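Written below as structure tokens is the structure these notes are about.
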Amino acid sequence: KNNMLSRFASRTVGQVGAAAARHARAPAALAAGRALGSRSMATDKYTKTLEDRERVLDTFALKRACAVLRTPTSEACPKAMQASIDGGFEIVEFTLTTPDCLQHMADFRAKYDGKVMIGCGTAMNVDDVKACLDAGAEFIVAPVLVEEVVRYCAERNVVIIPGCNTPTELFQAHQWGAPVQKLFPGVAGGANFVKAVSAALPMLNINPTSGVDLDNAGEFLKAGACSVGLVAPLFDPSLIAKGDWDGITANAQRVIGNVKPVGPYKRKN
């Protein structure tokens, strides 16, 4: 009887270990499977190469901080974004709620191609995704988890970062093919929440964008976040209102100063 229990225990431990290994490999396997399967399913003009997908994810892993801009006027948009780049940001996100967003993004893509990685956010449906890609977006961000948006992008090797607020949503996004999961809005516990969820669900690549400020960005990264997004703390509405672009540049320098010492992220997918 004791021998049977011992053999059962050994098999159980082995099964648990194998399951854990499968989960650890899941993002890479999922991405590779979708990419291979997509060759006959999604070969339209929006399909990206695997190399392009890897480049985008490598850049997030290396730079780890994204400037996320939303301005009430079209005029303020390029000035504010330029200020963040001058302050050291090498990944930036325009948002569709900004007037003339797509034109401004296209202008910056032409100006900074290969030097600053530029994406577009607030994509709520496939038509939004197509418009963003037509304007040159290198990655897509959404404030909520929309299955058709995630699957459309995943099937075309387009890096999609959907908004999620619970561990269930974060994991669902991962299962649908999102290589990075945006934590939005901010949750109780902040960096400790990221640490706890990352420990329980190590296959996730969490990108907090709400609750991250000028001084705690590094803490979120140390807690396990793959990258962070800076919105209002970086683009302070009061600075934008009075056209204090130097103030935004100073904010950017402060954030990057907290992010760089943490170092690169070890990719899981």
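Following the order of the structure tokens, first chain is A, next is B, and so on, with residues numbered from 1 inside each chain and ligands from 1 in the order they appear.
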Original post:
Out of region 43-204 of chain A, which residues get strand (DSSP E or B) from DSSP, as an NGL selection string?
Top reply: :A and (65-69 or 91-95 or 117-121 or 140-141 or 160-161 or 163-164 or 181-183)
Just-selected residues, N, CA and C atoms written as a PDB file, in the first residue's frame:
ATOM      1  N   ALA A  65       9.232  51.349 -20.941  1.00  0.00           N
ATOM      2  CA  ALA A  65       8.345  52.458 -20.570  1.00  0.00           C
ATOM      3  C   ALA A  65       7.772  53.103 -21.830  1.00  0.00           C
ATOM      4  N   CYS A  66       6.471  53.360 -21.794  1.00  0.00           N
ATOM      5  CA  CYS A  66       5.775  53.943 -22.939  1.00  0.00           C
ATOM      6  C   CYS A  66       5.044  55.217 -22.516  1.00  0.00           C
ATOM      7  N   ALA A  67       5.208  56.259 -23.305  1.00  0.00           N
ATOM      8  CA  ALA A  67       4.491  57.516 -23.068  1.00  0.00           C
ATOM      9  C   ALA A  67       3.142  57.440 -23.775  1.00  0.00           C
ATOM     10  N   VAL A  68       2.065  57.563 -23.004  1.00  0.00           N
ATOM     11  CA  VAL A  68       0.703  57.413 -23.537  1.00  0.00           C
ATOM     12  C   VAL A  68       0.022  58.783 -23.517  1.00  0.00           C
ATOM     13  N   LEU A  69      -0.224  59.327 -24.704  1.00  0.00           N
ATOM     14  CA  LEU A  69      -0.710  60.702 -24.796  1.00  0.00           C
ATOM     15  C   LEU A  69      -2.179  60.803 -25.183  1.00  0.00           C
ATOM     16  N   ILE A  91       9.488  54.684 -26.671  1.00  0.00           N
ATOM     17  CA  ILE A  91       8.237  54.035 -27.065  1.00  0.00           C
ATOM     18  C   ILE A  91       7.119  55.006 -26.722  1.00  0.00           C
ATOM     19  N   VAL A  92       6.260  55.297 -27.683  1.00  0.00           N
ATOM     20  CA  VAL A  92       5.174  56.239 -27.430  1.00  0.00           C
ATOM     21  C   VAL A  92       3.879  55.710 -28.034  1.00  0.00           C
ATOM     22  N   GLU A  93       2.780  56.158 -27.459  1.00  0.00           N
ATOM     23  CA  GLU A  93       1.452  55.733 -27.917  1.00  0.00           C
ATOM     24  C   GLU A  93       0.543  56.943 -28.089  1.00  0.00           C
ATOM     25  N   PHE A  94       0.064  57.131 -29.293  1.00  0.00           N
ATOM     26  CA  PHE A  94      -0.991  58.111 -29.539  1.00  0.00           C
ATOM     27  C   PHE A  94      -2.321  57.413 -29.257  1.00  0.00           C
ATOM     28  N   THR A  95      -3.367  58.173 -28.976  1.00  0.00           N
ATOM     29  CA  THR A  95      -4.667  57.565 -28.689  1.00  0.00           C
ATOM     30  C   THR A  95      -5.745  58.171 -29.573  1.00  0.00           C
ATOM     31  N   MET A 117       9.728  53.844 -31.278  1.00  0.00           N
ATOM     32  CA  MET A 117       8.656  52.924 -31.658  1.00  0.00           C
ATOM     33  C   MET A 117       7.313  53.560 -31.305  1.00  0.00           C
ATOM     34  N   ILE A 118       6.405  53.565 -32.274  1.00  0.00           N
ATOM     35  CA  ILE A 118       5.168  54.327 -32.130  1.00  0.00           C
ATOM     36  C   ILE A 118       3.950  53.428 -32.345  1.00  0.00           C
ATOM     37  N   GLY A 119       3.041  53.463 -31.379  1.00  0.00           N
ATOM     38  CA  GLY A 119       1.816  52.685 -31.470  1.00  0.00           C
ATOM     39  C   GLY A 119       0.595  53.563 -31.318  1.00  0.00           C
ATOM     40  N   CYS A 120      -0.575  52.913 -31.384  1.00  0.00           N
ATOM     41  CA  CYS A 120      -1.824  53.663 -31.267  1.00  0.00           C
ATOM     42  C   CYS A 120      -2.778  52.935 -30.334  1.00  0.00           C
ATOM     43  N   GLY A 121      -3.464  53.701 -29.497  1.00  0.00           N
ATOM     44  CA  GLY A 121      -4.358  53.117 -28.502  1.00  0.00           C
ATOM     45  C   GLY A 121      -5.804  53.542 -28.661  1.00  0.00           C
ATOM     46  N   ILE A 140      -0.669  47.929 -31.252  1.00  0.00           N
ATOM     47  CA  ILE A 140      -2.039  48.378 -30.982  1.00  0.00           C
ATOM     48  C   ILE A 140      -2.346  48.194 -29.499  1.00  0.00           C
ATOM     49  N   VAL A 141      -3.036  49.179 -28.936  1.00  0.00           N
ATOM     50  CA  VAL A 141      -3.443  49.121 -27.534  1.00  0.00           C
ATOM     51  C   VAL A 141      -4.950  49.362 -27.445  1.00  0.00           C
ATOM     52  N   ILE A 160      -0.684  43.227 -29.900  1.00  0.00           N
ATOM     53  CA  ILE A 160      -1.876  43.832 -29.316  1.00  0.00           C
ATOM     54  C   ILE A 160      -1.754  43.815 -27.800  1.00  0.00           C
ATOM     55  N   ILE A 161      -2.077  44.933 -27.173  1.00  0.00           N
ATOM     56  CA  ILE A 161      -1.987  45.070 -25.714  1.00  0.00           C
ATOM     57  C   ILE A 161      -3.367  45.500 -25.214  1.00  0.00           C
ATOM     58  N   GLY A 163      -6.675  46.059 -22.657  1.00  0.00           N
ATOM     59  CA  GLY A 163      -6.897  46.434 -21.280  1.00  0.00           C
ATOM     60  C   GLY A 163      -7.610  45.349 -20.489  1.00  0.00           C
ATOM     61  N   CYS A 164      -7.083  45.057 -19.308  1.00  0.00           N
ATOM     62  CA  CYS A 164      -7.646  44.026 -18.423  1.00  0.00           C
ATOM     63  C   CYS A 164      -7.588  44.541 -16.991  1.00  0.00           C
ATOM     64  N   GLN A 181      -0.314  42.192 -21.702  1.00  0.00           N
ATOM     65  CA  GLN A 181      -1.644  42.488 -21.179  1.00  0.00           C
ATOM     66  C   GLN A 181      -1.588  43.801 -20.382  1.00  0.00           C
ATOM     67  N   LYS A 182      -2.409  44.744 -20.792  1.00  0.00           N
ATOM     68  CA  LYS A 182      -2.437  46.054 -20.143  1.00  0.00           C
ATOM     69  C   LYS A 182      -3.307  45.999 -18.886  1.00  0.00           C
ATOM     70  N   LEU A 183      -2.748  46.392 -17.754  1.00  0.00           N
ATOM     71  CA  LEU A 183      -3.510  46.448 -16.505  1.00  0.00           C
ATOM     72  C   LEU A 183      -4.120  47.833 -16.385  1.00  0.00           C
TER      73      LEU A 183
END
Original post:
What lies within 7 Å of Leu204 (chain A) using only C-alpha atoms, ignoring chain neighbours under 5 positions off, as a VMD selection string?
Top reply: chain A and resid 171 174 198
Using only C-alpha atoms, I'd like a table of the residues in region 74-174 of chain A that come within 9 Å of region 256-260 of chain A; for each, show the closest atom pair and its distance in Å rounded to one decimal, ordered by chain and ascending number, as JSON lines.
{"residue": "A:Gly87", "atom": "CA", "partner": "A:Ile256", "partner_atom": "CA", "distance": 8.0}
{"residue": "A:Gly88", "atom": "CA", "partner": "A:Ile256", "partner_atom": "CA", "distance": 6.5}
{"residue": "A:Phe89", "atom": "CA", "partner": "A:Ile256", "partner_atom": "CA", "distance": 7.1}
**OP:** List every residue of region 48-254 of chain A that DSSP, applied to the backbone of this structure, assigns to helix (DSSP H, G or I), and report them as a count of residues only.
**Re:** 95
**OP:** Considering only C-alpha atoms, return as a ChimeraX atom specification whatever protein or nucleic-acid residues lie within 10 Å of region 234-240 of chain A, sequence-local ones (same chain, fewer than 2 positions apart) excluded.
**Re:** /A:67-73,76-77,79-81,83-84,212-214,229-232,242-255
Original post:
For Glu219 (chain A), which of A:Asp128, A:Gly190, A:Lys268, A:Glu54 is the closest residue, counting only C-alpha atoms?
Top reply: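 Of all the options, A:Gly190 lies closest to Glu219 (chain A).
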**OP:** Please measure the separation of CA of Asn192 (chain A) and CA of Leu57 (chain A), giving the value in Å to one decimal.
**Re:** 24.2 Å
Original post:
CA of Asp107 (chain A) to CA of Pro185 (chain A): how many Å, to one decimal?
Top reply: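 So the two atoms, CA of Asp107 (chain A) and CA of Pro185 (chain A), lie 29.2 Å apart.
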Subject >> Atom pair CA of Pro261 (chain A) / CA of Ala199 (chain A): separation (Å) >> reply: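 The value is 22.3 Å.
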**OP:** Could you tell me which of A:Ala200, A:Leu170, A:Ala131, A:Ile85 comes closest to Leu145 (chain A) if we count only C-alpha atoms?
**Re:**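 When distances to Leu145 (chain A) are compared using only C-alpha atoms, the smallest one comes from A:Leu170.
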For region 176-178 of chain A, please output as a PDB file with C-alpha atoms, in the first residue's frame all residues within 9 Å (counting only C-alpha atoms; exclusion window: fewer than 2 positions along the same chain).
ATOM      1  CA  PRO A  27       2.823  32.051 -24.691  1.00  0.00           C
ATOM      2  CA  LEU A  30       0.490  30.056 -28.732  1.00  0.00           C
ATOM      3  CA  ALA A  31       2.219  32.824 -30.635  1.00  0.00           C
ATOM      4  CA  ARG A  34      -1.145  31.448 -34.363  1.00  0.00           C
ATOM      5  CA  GLU A 147     -12.024  39.289 -28.384  1.00  0.00           C
ATOM      6  CA  VAL A 150      -7.208  40.527 -29.941  1.00  0.00           C
ATOM      7  CA  ARG A 151      -7.757  37.638 -32.341  1.00  0.00           C
ATOM      8  CA  CYS A 153      -4.209  41.211 -34.359  1.00  0.00           C
ATOM      9  CA  ALA A 154      -2.833  37.883 -33.131  1.00  0.00           C
ATOM     10  CA  GLU A 155      -3.656  36.204 -36.442  1.00  0.00           C
ATOM     11  CA  VAL A 159       1.342  43.109 -31.211  1.00  0.00           C
ATOM     12  CA  ILE A 160      -1.876  43.832 -29.316  1.00  0.00           C
ATOM     13  CA  ILE A 161      -1.987  45.070 -25.714  1.00  0.00           C
ATOM     14  CA  PRO A 162      -5.601  44.883 -24.478  1.00  0.00           C
ATOM     15  CA  PHE A 171      -5.267  35.311 -18.528  1.00  0.00           C
ATOM     16  CA  GLN A 172      -8.079  35.413 -21.085  1.00  0.00           C
ATOM     17  CA  ALA A 173      -6.168  38.003 -23.103  1.00  0.00           C
ATOM     18  CA  HIS A 174      -3.121  35.741 -23.000  1.00  0.00           C
ATOM     19  CA  VAL A 180       1.311  41.739 -23.447  1.00  0.00           C
ATOM     20  CA  GLN A 181      -1.644  42.488 -21.179  1.00  0.00           C
TER      21      GLN A 181
END
Original post:
Which residue gives the smallest distance to Lys45 (chain A) among A:Gln82, A:Thr122, A:Ser227, A:Asn157, with only C-alpha atoms counted?
Top reply: A:Asn157
Subject >> Nearest to Lys195 (chain A), chosen from A:Asp215, A:Ala225, A:Val158, A:Gln175, with only C-alpha atoms counted in the distances >> reply: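 Comparing A:Asp215, A:Ala225, A:Val158, A:Gln175 against Lys195 (chain A), the winner is A:Ala225.
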